[in-house]
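Raw contents of query-v1.cif, mmCIF, C-alpha atoms:
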```
data_query
loop_
_atom_site.label_atom_id
_atom_site.label_comp_id
_atom_site.auth_asym_id
_atom_site.auth_seq_id
_atom_site.Cartn_x
_atom_site.Cartn_y
_atom_site.Cartn_z
CA MET A 1 -14.02 5.37 16.76
CA THR A 2 -14.11 6.13 13.07
CA THR A 3 -12.01 5.41 10.01
CA LEU A 4 -9.87 8.24 8.67
CA LEU A 5 -9.31 8.99 4.99
CA TYR A 6 -6.05 10.73 4.10
CA THR A 7 -5.59 12.28 0.67
CA HIS A 8 -4.38 15.49 -0.95
CA PRO A 9 -5.11 17.38 -4.21
CA ALA A 10 -1.38 17.33 -5.01
CA CYS A 11 -1.70 13.62 -5.70
CA PHE A 12 -3.65 14.50 -8.85
CA ASP A 13 -0.66 16.46 -10.16
CA HIS A 14 1.59 13.44 -10.59
CA ASP A 15 1.14 12.88 -14.34
CA PRO A 16 3.15 10.02 -15.89
CA GLY A 17 1.73 10.75 -19.32
CA ARG A 18 -1.47 10.38 -21.31
CA MET A 19 -1.19 6.66 -21.99
CA HIS A 20 0.29 5.63 -18.64
CA PRO A 21 -1.99 3.31 -16.60
CA GLU A 22 -1.12 4.97 -13.27
CA SER A 23 -3.16 8.05 -14.10
CA PRO A 24 -4.76 10.77 -11.97
CA ALA A 25 -8.12 9.30 -13.01
CA ARG A 26 -7.43 6.42 -10.64
CA LEU A 27 -7.53 8.66 -7.59
CA LYS A 28 -10.58 10.48 -8.89
CA ALA A 29 -12.41 7.16 -9.20
CA VAL A 30 -11.47 6.12 -5.66
CA LEU A 31 -12.51 9.41 -4.09
CA SER A 32 -15.73 9.52 -6.09
CA ALA A 33 -16.70 6.18 -4.57
CA PHE A 34 -16.61 7.78 -1.13
CA ASP A 35 -19.25 10.33 -2.13
CA ALA A 36 -21.90 7.67 -1.51
CA PRO A 37 -24.10 8.28 1.57
CA GLU A 38 -22.73 5.20 3.33
CA PHE A 39 -19.38 6.99 3.67
CA LYS A 40 -20.75 10.19 5.24
CA ASP A 41 -19.05 9.30 8.56
CA LEU A 42 -15.66 8.75 6.93
CA GLU A 43 -13.50 11.54 8.32
CA ARG A 44 -11.42 13.24 5.63
CA ARG A 45 -8.00 14.67 6.42
CA GLU A 46 -5.37 16.37 4.30
CA ALA A 47 -2.14 14.44 3.93
CA PRO A 48 0.87 16.46 5.10
CA ARG A 49 4.19 16.54 3.31
CA ALA A 50 6.62 13.93 4.56
CA GLU A 51 9.86 15.35 5.86
CA ARG A 52 13.03 14.27 4.13
CA ALA A 53 14.20 12.61 7.35
CA GLN A 54 11.06 10.48 7.51
CA ILE A 55 11.68 9.09 4.02
CA ALA A 56 15.42 8.70 4.64
CA ARG A 57 14.68 6.25 7.45
CA VAL A 58 14.05 3.62 4.75
CA HIS A 59 15.61 5.08 1.58
CA ASP A 60 19.23 6.01 0.95
CA GLU A 61 19.61 9.76 1.44
CA ALA A 62 21.32 10.14 -1.92
CA TYR A 63 18.38 8.42 -3.59
CA VAL A 64 15.83 10.65 -1.85
CA ASP A 65 17.66 13.77 -2.98
CA GLY A 66 18.23 12.41 -6.47
CA ALA A 67 14.62 11.36 -7.00
CA LEU A 68 13.32 14.77 -5.98
CA ALA A 69 15.98 16.55 -8.06
CA ALA A 70 14.95 14.52 -11.10
CA VAL A 71 11.44 16.01 -11.08
CA PRO A 72 11.37 18.24 -14.17
CA GLU A 73 10.14 21.82 -14.36
CA THR A 74 8.30 20.94 -17.56
CA GLY A 75 7.55 17.76 -19.45
CA HIS A 76 8.43 14.30 -18.23
CA GLN A 77 11.47 12.45 -16.90
CA SER A 78 11.93 8.68 -16.58
CA LEU A 79 13.29 7.28 -13.32
CA ASP A 80 12.96 3.76 -14.67
CA PRO A 81 11.18 2.38 -17.77
CA ASP A 82 7.81 2.38 -15.96
CA THR A 83 8.25 5.25 -13.50
CA ILE A 84 7.73 8.64 -15.11
CA VAL A 85 7.69 11.93 -13.24
CA SER A 86 6.20 15.30 -14.14
CA PRO A 87 6.47 18.74 -12.45
CA GLY A 88 3.93 17.78 -9.77
CA SER A 89 5.38 14.37 -8.96
CA GLY A 90 7.70 15.42 -6.14
CA GLU A 91 4.96 17.07 -4.13
CA ALA A 92 2.62 14.14 -4.77
CA ALA A 93 5.22 11.63 -3.59
CA LEU A 94 5.91 13.63 -0.44
CA ARG A 95 2.19 13.84 0.33
CA ALA A 96 1.75 10.11 -0.28
CA ALA A 97 4.52 9.22 2.16
CA GLY A 98 3.31 11.89 4.57
CA ALA A 99 -0.17 10.39 4.57
CA LEU A 100 1.18 7.15 6.02
CA CYS A 101 3.07 8.99 8.76
CA ALA A 102 0.06 11.08 9.70
CA ALA A 103 -2.27 8.09 9.63
CA VAL A 104 0.02 6.09 11.91
CA ASP A 105 0.24 9.06 14.28
CA ALA A 106 -3.55 9.49 14.37
CA VAL A 107 -4.27 5.82 15.00
CA MET A 108 -1.62 5.69 17.72
CA ALA A 109 -3.17 8.76 19.33
CA GLY A 110 -6.54 7.03 19.46
CA GLU A 111 -8.13 9.51 17.06
CA ALA A 112 -9.44 6.66 14.89
CA ALA A 113 -9.56 2.89 14.85
CA ASN A 114 -7.86 2.70 11.47
CA ALA A 115 -7.16 4.72 8.32
CA PHE A 116 -7.01 4.49 4.54
CA CYS A 117 -4.58 6.60 2.53
CA ALA A 118 -6.02 7.42 -0.91
CA VAL A 119 -2.80 8.66 -2.43
CA ARG A 120 -0.56 8.27 -5.44
CA PRO A 121 2.06 7.50 -6.61
CA PRO A 122 1.96 4.02 -5.09
CA GLY A 123 4.95 2.68 -3.20
CA HIS A 124 5.46 -1.04 -2.75
CA HIS A 125 7.92 -1.54 -5.64
CA ALA A 126 10.28 1.26 -4.53
CA GLU A 127 13.53 -0.19 -3.19
CA PRO A 128 16.00 1.51 -0.82
CA ALA A 129 17.94 3.18 -3.65
CA ARG A 130 15.72 2.71 -6.69
CA ALA A 131 12.42 3.88 -8.14
CA MET A 132 10.51 1.03 -9.74
CA GLY A 133 7.13 0.01 -11.06
CA PHE A 134 5.36 3.40 -10.89
CA CYS A 135 6.72 3.94 -7.33
CA LEU A 136 9.06 6.69 -6.05
CA PHE A 137 9.05 6.18 -2.28
CA ASN A 138 7.93 3.11 -0.37
CA ASN A 139 4.98 4.53 1.52
CA ILE A 140 4.36 1.38 3.56
CA ALA A 141 7.97 1.20 4.74
CA VAL A 142 7.91 4.90 5.62
CA GLY A 143 4.82 4.23 7.74
CA ALA A 144 6.46 1.27 9.44
CA ALA A 145 9.48 3.38 10.34
CA GLN A 146 7.18 6.10 11.72
CA ALA A 147 5.50 3.56 14.00
CA ARG A 148 8.85 2.46 15.34
CA GLU A 149 10.83 5.67 15.55
CA VAL A 150 8.10 7.99 16.85
CA HIS A 151 5.86 5.63 18.79
CA GLY A 152 8.35 3.06 20.04
CA LEU A 153 6.56 0.08 18.54
CA HIS A 154 8.64 -2.99 17.85
CA ARG A 155 6.92 -5.55 15.63
CA ILE A 156 5.37 -4.13 12.48
CA ALA A 157 3.54 -6.21 9.88
CA ALA A 158 2.65 -5.39 6.28
CA VAL A 159 0.12 -7.41 4.29
CA ASP A 160 0.05 -6.89 0.51
CA PHE A 161 -2.70 -8.25 -1.77
CA ASP A 162 -1.77 -6.28 -4.88
CA VAL A 163 -1.53 -8.47 -7.99
CA HIS A 164 2.17 -7.57 -8.26
CA HIS A 165 4.66 -8.65 -5.62
CA GLY A 166 5.83 -5.85 -3.33
CA ASN A 167 9.52 -6.39 -3.96
CA GLY A 168 10.49 -3.06 -2.42
CA THR A 169 8.75 -3.71 0.87
CA GLN A 170 10.20 -7.21 0.97
CA ALA A 171 13.70 -5.84 0.40
CA MET A 172 13.30 -3.29 3.19
CA PHE A 173 11.91 -5.85 5.66
CA TRP A 174 14.15 -8.79 4.73
CA ASN A 175 16.93 -8.42 7.31
CA ASP A 176 14.82 -7.45 10.33
CA PRO A 177 13.11 -10.31 12.19
CA ASP A 178 10.72 -7.83 13.81
CA LEU A 179 9.29 -6.74 10.46
CA PHE A 180 6.79 -9.08 8.76
CA PHE A 181 5.80 -9.00 5.10
CA GLY A 182 3.05 -11.24 3.78
CA SER A 183 2.03 -11.11 0.13
CA THR A 184 -0.39 -12.76 -2.28
CA HIS A 185 0.31 -11.98 -5.93
CA GLN A 186 0.28 -13.45 -9.40
CA MET A 187 3.34 -15.41 -10.50
CA PRO A 188 4.82 -15.31 -13.06
CA LEU A 189 4.40 -11.56 -13.39
CA TYR A 190 6.31 -8.32 -12.89
CA PRO A 191 8.60 -7.80 -11.00
CA GLY A 192 9.62 -11.47 -10.95
CA THR A 193 10.11 -11.77 -7.19
CA GLY A 194 7.86 -13.34 -4.57
CA SER A 195 8.47 -17.09 -4.59
CA THR A 196 7.71 -19.19 -1.54
CA GLN A 197 11.46 -19.72 -1.10
CA GLU A 198 11.97 -16.01 -0.33
CA ARG A 199 11.62 -16.08 3.46
CA GLY A 200 13.72 -13.31 4.96
CA VAL A 201 16.27 -13.47 7.72
CA ALA A 202 13.92 -15.16 10.20
CA ASN A 203 11.05 -16.52 8.11
CA ASN A 204 9.57 -13.05 8.44
CA ILE A 205 8.71 -12.96 4.73
CA VAL A 206 5.73 -15.08 3.68
CA ASN A 207 4.87 -15.19 -0.01
CA ALA A 208 1.81 -16.97 -1.40
CA PRO A 209 2.08 -16.69 -5.20
CA LEU A 210 -0.96 -17.51 -7.28
CA PRO A 211 -1.02 -18.77 -10.88
CA PRO A 212 -2.67 -16.80 -13.67
CA MET A 213 -6.46 -17.14 -13.69
CA ALA A 214 -6.62 -17.94 -9.96
CA GLY A 215 -9.76 -16.55 -8.39
CA SER A 216 -11.59 -16.14 -5.11
CA ALA A 217 -11.16 -19.71 -3.86
CA GLU A 218 -7.41 -19.75 -4.46
CA PHE A 219 -6.92 -16.30 -2.93
CA ARG A 220 -8.89 -17.10 0.20
CA ALA A 221 -7.09 -20.41 0.61
CA ALA A 222 -3.70 -18.68 0.32
CA MET A 223 -4.73 -16.14 2.93
CA ARG A 224 -6.22 -18.75 5.30
CA ASP A 225 -3.42 -21.29 4.93
CA ARG A 226 -0.32 -19.09 4.73
CA ILE A 227 -0.66 -15.35 5.30
CA LEU A 228 -3.13 -15.16 8.18
CA PRO A 229 -1.59 -17.92 10.35
CA ALA A 230 1.87 -16.39 9.87
CA LEU A 231 0.55 -12.94 10.76
CA THR A 232 -1.11 -14.32 13.88
CA LYS A 233 2.08 -16.10 14.94
CA PHE A 234 4.12 -12.94 14.35
CA GLY A 235 1.98 -10.96 16.80
CA PRO A 236 2.26 -7.43 15.36
CA ASP A 237 2.20 -4.21 17.34
CA PHE A 238 0.82 -2.45 14.26
CA VAL A 239 -0.53 -3.65 10.90
CA LEU A 240 -0.09 -1.95 7.53
CA VAL A 241 -1.86 -3.00 4.33
CA SER A 242 -0.75 -2.46 0.75
CA ALA A 243 -4.23 -2.31 -0.75
CA GLY A 244 -3.78 -2.96 -4.45
CA PHE A 245 -6.92 -3.85 -6.37
CA ASP A 246 -5.40 -4.96 -9.67
CA ALA A 247 -6.08 -8.62 -8.92
CA HIS A 248 -9.72 -7.86 -9.79
CA GLU A 249 -11.03 -9.89 -12.72
CA ASP A 250 -11.71 -6.70 -14.72
CA ASP A 251 -8.20 -5.27 -14.35
CA PRO A 252 -6.23 -5.04 -17.61
CA LEU A 253 -2.67 -5.40 -16.25
CA ALA A 254 -2.73 -8.98 -14.98
CA GLY A 255 -4.67 -12.23 -14.93
CA LEU A 256 -6.20 -12.95 -11.53
CA ARG A 257 -9.96 -13.12 -11.07
CA PHE A 258 -10.82 -11.59 -7.71
CA HIS A 259 -14.04 -9.72 -6.92
CA GLU A 260 -14.53 -6.76 -4.62
CA ASP A 261 -16.01 -9.10 -2.01
CA ASP A 262 -12.64 -10.83 -1.80
CA PHE A 263 -10.91 -7.60 -0.85
CA ALA A 264 -13.55 -6.92 1.80
CA TRP A 265 -13.14 -10.44 3.19
CA ALA A 266 -9.34 -10.16 3.33
CA THR A 267 -9.58 -6.77 5.02
CA THR A 268 -11.93 -8.14 7.66
CA GLU A 269 -9.70 -11.15 8.32
CA VAL A 270 -6.60 -8.98 8.77
CA LEU A 271 -8.58 -6.63 11.00
CA HIS A 272 -9.57 -9.53 13.24
CA ILE A 273 -5.92 -10.38 13.81
CA ALA A 274 -5.06 -6.72 14.42
CA GLN A 275 -7.86 -6.45 16.97
CA HIS A 276 -6.52 -9.45 18.85
CA SER A 277 -2.84 -8.52 18.58
CA CYS A 278 -2.63 -4.73 18.69
CA ALA A 279 -6.00 -3.19 19.64
CA GLY A 280 -6.99 -3.01 15.98
CA ARG A 281 -4.26 -0.57 14.98
CA LEU A 282 -4.19 -0.68 11.17
CA VAL A 283 -3.41 1.70 8.31
CA SER A 284 -3.82 0.82 4.64
CA THR A 285 -2.72 2.62 1.52
CA LEU A 286 -3.68 2.48 -2.13
CA GLU A 287 -1.32 0.59 -4.42
CA GLY A 288 -2.47 -0.72 -7.84
CA GLY A 289 -5.80 -1.00 -9.63
CA TYR A 290 -6.25 0.15 -13.22
CA ASN A 291 -9.83 -0.54 -14.27
CA LEU A 292 -11.50 2.57 -12.90
CA GLN A 293 -14.89 1.03 -12.18
CA ALA A 294 -13.42 -2.05 -10.49
CA LEU A 295 -10.99 0.14 -8.58
CA ALA A 296 -13.81 2.31 -7.25
CA ARG A 297 -15.92 -0.65 -6.19
CA SER A 298 -12.98 -2.45 -4.61
CA SER A 299 -11.79 0.61 -2.70
CA ALA A 300 -15.32 1.10 -1.40
CA ALA A 301 -15.51 -2.52 -0.27
CA HIS A 302 -12.14 -2.23 1.48
CA VAL A 303 -13.04 0.95 3.35
CA ARG A 304 -16.52 -0.35 4.16
CA ALA A 305 -14.81 -3.23 5.96
CA LEU A 306 -12.49 -0.83 7.78
CA MET A 307 -15.44 1.23 8.96
CA ALA A 308 -17.21 -1.87 10.24
CA ALA A 309 -14.31 -2.81 12.53
#
```
Encoded form (C-alpha cells):
Amino acid sequence: MTTLLYTHPACFDHDPGRMHPESPARLKAVLSAFDAPEFKDLERREAPRAERAQIARVHDEAYVDGALAAVPETGHQSLDPDTIVSPGSGEAALRAAGALCAAVDAVMAGEAANAFCAVRPPGHHAEPARAMGFCLFNNIAVGAAQAREVHGLHRIAAVDFDVHHGNGTQAMFWNDPDLFFGSTHQMPLYPGTGSTQERGVANNIVNAPLPPMAGSAEFRAAMRDRILPALTKFGPDFVLVSAGFDAHEDDPLAGLRFHEDDFAWATTEVLHIAQHSCAGRLVSTLEGGYNLQALARSSAAHVRALMAA
C-alpha cells in the first residue's frame, strides 16, 4: 500500500499578513519538495471541508461558530495576538481539519498504509474554546475524534515533535485515559506548558522537554527513554503525528538543533510501534517549520520514511 498526501489550494488563501511567519510560502515549499522523482508514487488527494459537527466533537460549538464568523470579508482580524485571519482563513481551516478526517477514513478503509496532511493553518495550540499560536482548530484532535466516532476505535495516540508544546492537544486529551499525548519540545518556550509533571488523568500525557540548544542526541534519547516506551505501553489503535519541523537547527523561531535525519528517524520509530500495535495505521499533519529550505527537506524526510513503511 502507498502513502497518501492530502492538501488543498484553499490552504494557500489563509494569509496572516506579510510579515507573519506562518505564511503561504510554507506550504508551497513543502509541496515543491514532493515534485522530486522519488515521490512519484505518492498519491495526491484533495482535502475535503470538515463538517461543523466533526470540529464540534472537540471544540465548543460557540467557539467554532465564533471563529468562523470572525473571518473578515476584507483585511485581517486577530483571534489572539499571534493568530490572524484573512478572508480565506475559514475555508483553509475547514480543509485542514477535513484532511485529517479524510486521511483517517482512507487508512481505516485500507486504501493506504498511512497519510500526510500538507495543510495550514496548523492546529496543535488550539484549545477547546480558544484560538492560539497560529492555530484555529485542533486538526489532530479532530482526527482522533473521527477515528473514534466513525470507526469505533478506542485508544488513540498523538505524538508531537514540534519545537513548541502542543498545549491544545494536551488539554483535549488530558481527562481521557484512552487518549495518549507524547511530546518533545523546547522548554522554556511558548506556550509555557509541557513540563514532565503534566501527566494527565491516568499518566496518559508524557512530556519530554528539551533545553535550548539540545540537538540530535538529546532528542533521540528523549524519544527512546520516554516517548516511545510510553507509546508502546499504551498500545494504540491508531497513531497521529503532529509533524512540526521548527526544531531544525536552521529554524528562526526557536533554539533546538535537529536535522532532517532526526525527523526521519523519529517517524520510523513511531511507525514501528504502529505496525506492532495497530497494523501500521498512522496519519501525520504539518504543524510548524519556518525556514523554508529546512521545512522542505524535513517534510521530504518525514514522508520518505512514511513511504518506506
- Evaluate the PyMOL selection byres ((chain A and resi 103) around 12) and record the selected residues as a PyMOL selection string, following the chain and residue labels used in the document. chain A and resi 3-7+43-48+50+95-102+104-118+139-140+142-144+146-147+238-240+281-285
- Query: Excluding same-chain residues fewer than 4 positions from Arg257 (chain A), what lies within 6 Å of it counting all atoms listed in the file, as a list in words?
  - Reply: Met213, Ala214, Gly215, His248 and Glu249 of chain A
- Item | Explicit residue set for the PyMOL selection byres ((chain A and resi 63-65) around 12), as number ranges by chain | A: 50-62, 66-71, 79, 90, 93-94, 126-131, 136-138
- Message: Can you tell me which residues surround Gly133 (chain A) at a distance of at most 6 Å, considering all atoms listed in the file, apart from same-chain residues fewer than 3 positions away, and format the answer as a list in words?
- Response: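 With the cut-off at 6 Å, the set is Asp82, Thr83 and His125 of chain A.
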- Message: So, with all atoms listed in the file as the atoms that count, which of A:Pro209, A:Pro16, A:Leu286, A:Thr268 lies closest to His76 (chain A)?
- Response: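 The closest residue to His76 (chain A) is A:Pro16.
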- Name the closest residue to Pro87 (chain A) among the candidates A:Gly123, A:Phe39, A:His151, A:Phe12; distances are taken between atoms, counting all atoms listed in the file.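 Using all atoms listed in the file, Pro87 (chain A) sits closest to A:Phe12.
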- Between CA of Asn204 (chain A) and CA of Phe181 (chain A), what is the distance, to one decimal in Å? 6.5 Å
- Message: Under the PyMOL selection byres ((chain A and resi 289-298) around 10), which residues of this model are included? Write them out as number ranges by chain.
- Response: A: 21-23, 25-34, 162-163, 243-254, 258-264, 286-288, 299-304
- Message: List as a PyMOL selection string the residues having at least one atom at most 10 Å from position (6.4, -18.0, -13.6) as given in the file, counting all atoms listed in the file.
- Response: chain A and resi 186-190+192-193+195+209-212
Create the file for the chosen residues now, containing C-alpha atoms and written as a PDB file, keeping the file's coordinate frame.
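Result saved to result.pdb:
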```
ATOM      1  CA  GLN A 186       0.280 -13.450  -9.400  1.00  0.00           C
ATOM      2  CA  MET A 187       3.340 -15.410 -10.500  1.00  0.00           C
ATOM      3  CA  PRO A 188       4.820 -15.310 -13.060  1.00  0.00           C
ATOM      4  CA  LEU A 189       4.400 -11.560 -13.390  1.00  0.00           C
ATOM      5  CA  TYR A 190       6.310  -8.320 -12.890  1.00  0.00           C
ATOM      6  CA  GLY A 192       9.620 -11.470 -10.950  1.00  0.00           C
ATOM      7  CA  THR A 193      10.110 -11.770  -7.190  1.00  0.00           C
ATOM      8  CA  SER A 195       8.470 -17.090  -4.590  1.00  0.00           C
ATOM      9  CA  PRO A 209       2.080 -16.690  -5.200  1.00  0.00           C
ATOM     10  CA  LEU A 210      -0.960 -17.510  -7.280  1.00  0.00           C
ATOM     11  CA  PRO A 211      -1.020 -18.770 -10.880  1.00  0.00           C
ATOM     12  CA  PRO A 212      -2.670 -16.800 -13.670  1.00  0.00           C
TER      13      PRO A 212
END
```
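Atom pair CA of Ala230 (chain A) / CA of Ile273 (chain A) has a distance of 10.6 Å (rounded to one decimal).
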- Query: Quick one: distance from CA of Arg120 (chain A) to CA of Gly17 (chain A) in Å, one decimal?
  - Reply: 14.3 Å
- Message: Ranking A:Ala308, A:Leu179, A:Met19, A:Ala171 by minimum distance to His154 (chain A) and counting all atoms listed in the file, which one comes first?
- Response: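 The answer is A:Leu179, which sits nearest to His154 (chain A).
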- Task: Go through A:Asp160, A:Glu91, A:Asp237, A:Asp13 and flag the residue nearest His124 (chain A), using all atoms listed in the file for the distances.
- Result: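 For His124 (chain A), the nearest of the candidates is A:Asp160.
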- Message: Can you pull out the residues contacting Pro191 (chain A)? Cut-off 8 Å, using only C-alpha atoms, and skip same-chain residues under 3 positions away; I want them as a PyMOL selection string.
- Response: chain A and resi 133+164-165+167
Using 5 Å of padding on each side, determine the axis-aligned box around all atoms of region 92-96 of chain A present in the file and give its centre and edge lengths in Å to one decimal, as lines of an AutoDock Vina configuration file.
```
center_x = 3.8
center_y = 12.1
center_z = -2.2
size_x = 14.2
size_y = 14.0
size_z = 15.1
```
- Restricting the calculation to only C-alpha atoms, which member of A:Pro72, A:Pro177, A:Gly280, A:Pro229 is positioned closest to Ile205 (chain A)? A:Pro177
- Task: Using all atoms listed in the file, find the one residue out of A:Arg220, A:Ala10, A:Ala36, A:Pro121 that sits nearest to Glu269 (chain A).
- Result: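 That would be A:Arg220, the residue with the smallest distance to Glu269 (chain A).
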